[in-house]
Amino acid sequence: MAQLLSDRRDIDFVLYEQLEIEDLVKTEKYNDLNRKMFDMVISEARNLGIKEILPTYTEGDREGVQFENGRVTVPQCFHRPYQLFVEGEWIAMAEDPEVGGQGFPWIIRQAAFEYIIGANFAIAGFGNLGHGTAKMIELFGTPQQKELFLEKVYAGQWGGTMLLTEPGAGSDVGALTTTAVKNPDGTYSITGNKIFITCGDHALTENIIHPVLARIEGAPPGTKGISLFIVPKIWVNEDGSLGEPNDIVCSGVEDKMGIHGSPTCSMALGGKSRCRGLLLGEENKGLMVMFHMMNEARLDVGTQGFLHASAAYLYALNYARDRLQGKDIAAAKDPEAPQVPIIRHPDVRRMLLMMKAYVDGMRSFVHYVAYCFDKKRTAKTRQEKEHYRDFIELLTPVIKAYCSERGQFVCEQAIQVYGGYGYTKDYPVEQLYRDCKITSIYEGTNGIQAMDLLGRKLGMKKGEVFIDFLNEIKATIDRAAENPHLADLAGQVAKALNLLGEIALHISKTAFSKDMRLALAYAHPFMEVLGDVIIAWMLLWRATVAAPKLEKLAGGTDIEAIQSKVAKNKDAAFYDGQIKAADFFISNLLPATIGKMNAIALPTKAAIDIHERSFGG
């Protein structure tokens, strides 16, 4: 099963050959670590994911979440792996030891969590949400709040959530109606209802700490009047002991398309007028606090989409190598010709290479952004720190939206490789497709991510951040152009990059100044083309690293010698795969991206001008 979850050889390539993360151990923050420790951590995560978590994937989906007599029950098979997850101290592995973490780089967490999130997000989600809750308390909590909550939430002994969405206030957060009234003892009485709360209630942990968005009486309307509160499921006394159950209860669970083992709850607060909470941060500054969790969550959601794709691709690849169907095209007229594995058929090879290109590109993309977190942490100057912080801000909505959509596309292609069998529950790709869909919806729908990219991120520092990012891509193009075998690919990416810069200027200046509604109608297409160019960049970068290593293994640049080596040598085959994936994506898929950019340059107002009645129905 190991090869059907994540590709360890490819992870190592990204970490040590593409991003060269061993430079981190030369910094003061990480100078007590080394590659041997990094590898050990990833191997341990692999063991946990494959041996303990992955076996729960189908079983947890079939058993699902139960809600009876006000009690939420998650699949029984989740209990042991979650306890191992907690005992291994995985949840806070990238946090400082002073707050209960292990002090590893964020990118090592990213690599380790390929095997934890990838094995079963329904289990990993309990820890990820707890981490987000603890991080907000670490950054904005009072000393007493940190003392009461931080250690146990980071450890996973207590769970965490995020109570944001309401029946009438989903994406429009400012419309929320949950209220908070200050009590004489400094606590707040909370009243309201929340929906779509991931891990909102369960018995995996002895307590759940709910961050809740609410409006204090008399606060300004809209988003400016929203505050954030710590609302424990069981009240925590001043000495840290558990008190009485708080008046926050699950009123139901959703029957969903996917992630059946994850409890998505409706929560009622203050039904008996006894729900208490503690203000986290300042009054009316709740969204500022909450977005620290949301940005982290959006990166995890993009990773979730990518990892569903990774597993789906590897399952499809394995199936295509084993499944006998049809004759080789060269022997089509020979009635005695034997059946061949479907990987020999050109259209199946096309699908597999397309899937590989997306998966490889997305892996490099999410690891690159994780590395930006570490570069920000280890930066020696304020300017360098801001540089990486700005890149993270710019790329967060792209990772969330693009990787979630391309992740599901890869899952769909995996079903196609399986044919009719892929549409059945007998094989895992059907569940991967269902489970992946939520990634384009929660933590801010992809349309909102696209509007955030266009309306806020593109114009950061008057466009300087975006220009710096384009220059980062150009540096890779320049390196690739020095290799004669990659020069043509470099030229194609350069063409797309130049057009992307022109389109960004056009849509942010011309379109916005004339018609904001028209510009926003093209926000999602712009997000897509930016994501495509980023994947092309990542694949070209990979090829730039792989090409000289392949030539060294083959003893030169002779094509026949290289192909002979590829047929015999595992490393040579791996490096050849990097070049072929880049060639396929840049030569076959990037031209369609250029077509999308041309459409943005000449926008139609059809979507804006069409009358509601003209949609039909």
# chains A, B, ... in the order shown; residues from 1 in each chain; ligands from 1
>>> residues_around(residues="region 239-256 of chain A", least_positions_apart="2", cutoff="7 Å", atoms="only C-alpha atoms", output="PyMOL selection string")
chain A and resi 67+70+148+201+232-237+258+260+263-272+274-276
>>> residues_around(residues="region 150-154 of chain A", least_positions_apart="4", cutoff="12 Å", atoms="only C-alpha atoms", output="PyMOL selection string")
chain A and resi 85-87+89-102+126-146+158-161+205-210+230+232+236+240-241
>>> residues_around(residues="region 371-381 of chain A", least_positions_apart="6", cutoff="9 Å", atoms="only C-alpha atoms", output="list in words")
Leu19, Ile21, Leu24, Thr27, Glu28, Lys29, Tyr30, Pro105, Trp106, Ile107, Ile108, His387, Tyr388, Arg389, Phe391 and Ile392 of chain A
>>> atom_distance(atom1="CA of Val25 (chain A)", atom2="CA of Asp12 (chain A)")
16.2 Å
>>> closest_residue(among="A:Ser404, A:Asn598, A:Ser508, A:Thr223", to="Leu453 (chain A)", atoms="only C-alpha atoms")
A:Ser508
>>> closest_residue(among="A:Asp515, A:Asp172, A:Asp328, A:Asp558", to="Pro603 (chain A)", atoms="only C-alpha atoms")
A:Asp515
>>> residues_around(residues="Thr165 (chain A)", least_positions_apart="2", cutoff="8 Å", atoms="only C-alpha atoms", output="list of chain:residue names")
A:Leu163, A:Pro167, A:Ala169, A:Gly170, A:Ser171, A:Val173, A:Leu176, A:Lys194, A:Ile195, A:Phe196, A:Ile197
>>> write_last_selection(atoms="N, CA, C and O atoms", output="compact mmCIF listing (two decimals), in the first residue's frame")
# COMPACT_ATOMS: atom_id res chain seq x y z
N LEU A 163 -15.93 28.20 14.94
CA LEU A 163 -17.36 28.46 14.79
C LEU A 163 -17.55 29.81 14.12
O LEU A 163 -17.56 30.86 14.77
N PRO A 167 -26.51 29.92 9.50
CA PRO A 167 -27.44 29.66 8.39
C PRO A 167 -27.61 30.84 7.45
O PRO A 167 -27.76 30.65 6.24
N ALA A 169 -25.35 33.47 7.36
CA ALA A 169 -24.08 34.20 7.27
C ALA A 169 -22.96 33.20 7.03
O ALA A 169 -22.28 32.77 7.95
N GLY A 170 -22.82 32.81 5.77
CA GLY A 170 -21.74 31.91 5.40
C GLY A 170 -20.55 32.72 4.93
O GLY A 170 -19.73 33.20 5.72
N SER A 171 -20.48 32.93 3.62
CA SER A 171 -19.40 33.75 3.08
C SER A 171 -19.53 35.20 3.51
O SER A 171 -18.54 35.92 3.64
N VAL A 173 -19.65 36.97 6.26
CA VAL A 173 -19.41 36.84 7.70
C VAL A 173 -20.03 38.00 8.47
O VAL A 173 -20.52 37.84 9.59
N LEU A 176 -23.43 37.85 10.52
CA LEU A 176 -23.68 36.92 11.62
C LEU A 176 -24.53 37.56 12.71
O LEU A 176 -24.50 38.78 12.92
N LYS A 194 -24.54 27.99 14.98
CA LYS A 194 -23.51 27.87 13.95
C LYS A 194 -23.71 26.57 13.19
O LYS A 194 -24.21 25.57 13.74
N ILE A 195 -23.31 26.57 11.92
CA ILE A 195 -23.45 25.37 11.10
C ILE A 195 -22.13 25.06 10.39
O ILE A 195 -21.22 25.89 10.34
N PHE A 196 -22.06 23.84 9.82
CA PHE A 196 -20.90 23.38 9.06
C PHE A 196 -19.62 23.44 9.90
O PHE A 196 -18.56 23.88 9.40
N ILE A 197 -19.70 23.00 11.14
CA ILE A 197 -18.54 23.06 12.03
C ILE A 197 -17.80 21.73 11.99
O ILE A 197 -18.25 20.73 12.55
>>> residues_around(residues="Phe469 (chain A)", least_positions_apart="2", cutoff="10 Å", atoms="only C-alpha atoms", output="ChimeraX atom specification")
/A:387,390-391,394-395,464-467,471-474
>>> residues_around(residues="region 417-430 of chain A", least_positions_apart="6", cutoff="9 Å", atoms="only C-alpha atoms", output="list in words")
Tyr57, Thr58, Ala311, Ala312, Tyr313, Tyr315, Ala316, Leu317, Tyr319, Ala320, Arg323, Ile342, Val348, Met351, Leu352 and Cys411 of chain A
>>> write_last_selection(atoms="N, CA, C and O atoms", output="compact mmCIF listing (two decimals), in the first residue's frame")
# COMPACT_ATOMS: atom_id res chain seq x y z
N TYR A 57 -9.38 4.36 6.20
CA TYR A 57 -9.95 5.25 5.18
C TYR A 57 -11.31 4.75 4.68
O TYR A 57 -12.31 5.46 4.75
N THR A 58 -11.34 3.53 4.19
CA THR A 58 -12.60 2.98 3.67
C THR A 58 -13.55 2.61 4.81
O THR A 58 -14.76 2.89 4.73
N ALA A 311 -2.69 10.38 -4.16
CA ALA A 311 -3.13 9.00 -3.94
C ALA A 311 -3.87 8.45 -5.16
O ALA A 311 -3.64 7.30 -5.58
N ALA A 312 -4.76 9.26 -5.74
CA ALA A 312 -5.53 8.81 -6.90
C ALA A 312 -4.61 8.46 -8.07
O ALA A 312 -4.82 7.45 -8.77
N TYR A 313 -3.61 9.31 -8.30
CA TYR A 313 -2.67 9.06 -9.39
C TYR A 313 -1.92 7.75 -9.17
O TYR A 313 -1.79 6.92 -10.09
N TYR A 315 -2.74 5.16 -7.32
CA TYR A 315 -3.65 4.02 -7.48
C TYR A 315 -3.88 3.73 -8.97
O TYR A 315 -3.86 2.58 -9.41
N ALA A 316 -4.14 4.78 -9.75
CA ALA A 316 -4.39 4.60 -11.18
C ALA A 316 -3.17 4.04 -11.89
O ALA A 316 -3.29 3.18 -12.78
N LEU A 317 -1.99 4.53 -11.52
CA LEU A 317 -0.75 4.05 -12.13
C LEU A 317 -0.56 2.56 -11.84
O LEU A 317 -0.24 1.77 -12.73
N TYR A 319 -2.87 0.39 -11.06
CA TYR A 319 -3.92 -0.36 -11.76
C TYR A 319 -3.57 -0.51 -13.24
O TYR A 319 -3.74 -1.59 -13.83
N ALA A 320 -3.09 0.58 -13.85
CA ALA A 320 -2.77 0.55 -15.29
C ALA A 320 -1.64 -0.41 -15.60
O ALA A 320 -1.58 -0.98 -16.69
N ARG A 323 -3.64 -4.09 -15.02
CA ARG A 323 -4.89 -4.41 -15.72
C ARG A 323 -4.62 -4.77 -17.19
O ARG A 323 -4.13 -3.95 -17.97
N ILE A 342 -2.96 -1.93 -19.65
CA ILE A 342 -3.53 -0.74 -20.28
C ILE A 342 -2.56 0.44 -20.28
O ILE A 342 -2.77 1.40 -21.02
N VAL A 348 -4.26 6.10 -22.33
CA VAL A 348 -4.05 5.91 -20.89
C VAL A 348 -2.73 6.56 -20.47
O VAL A 348 -2.65 7.19 -19.41
N MET A 351 -3.32 10.24 -20.10
CA MET A 351 -3.99 10.59 -18.84
C MET A 351 -3.03 10.49 -17.66
O MET A 351 -2.99 11.37 -16.79
N LEU A 352 -2.24 9.44 -17.62
CA LEU A 352 -1.32 9.25 -16.50
C LEU A 352 -0.25 10.34 -16.46
O LEU A 352 0.09 10.85 -15.38
N CYS A 411 -8.37 13.26 -9.54
CA CYS A 411 -9.19 12.15 -9.03
C CYS A 411 -10.17 11.66 -10.09
O CYS A 411 -10.40 10.45 -10.25
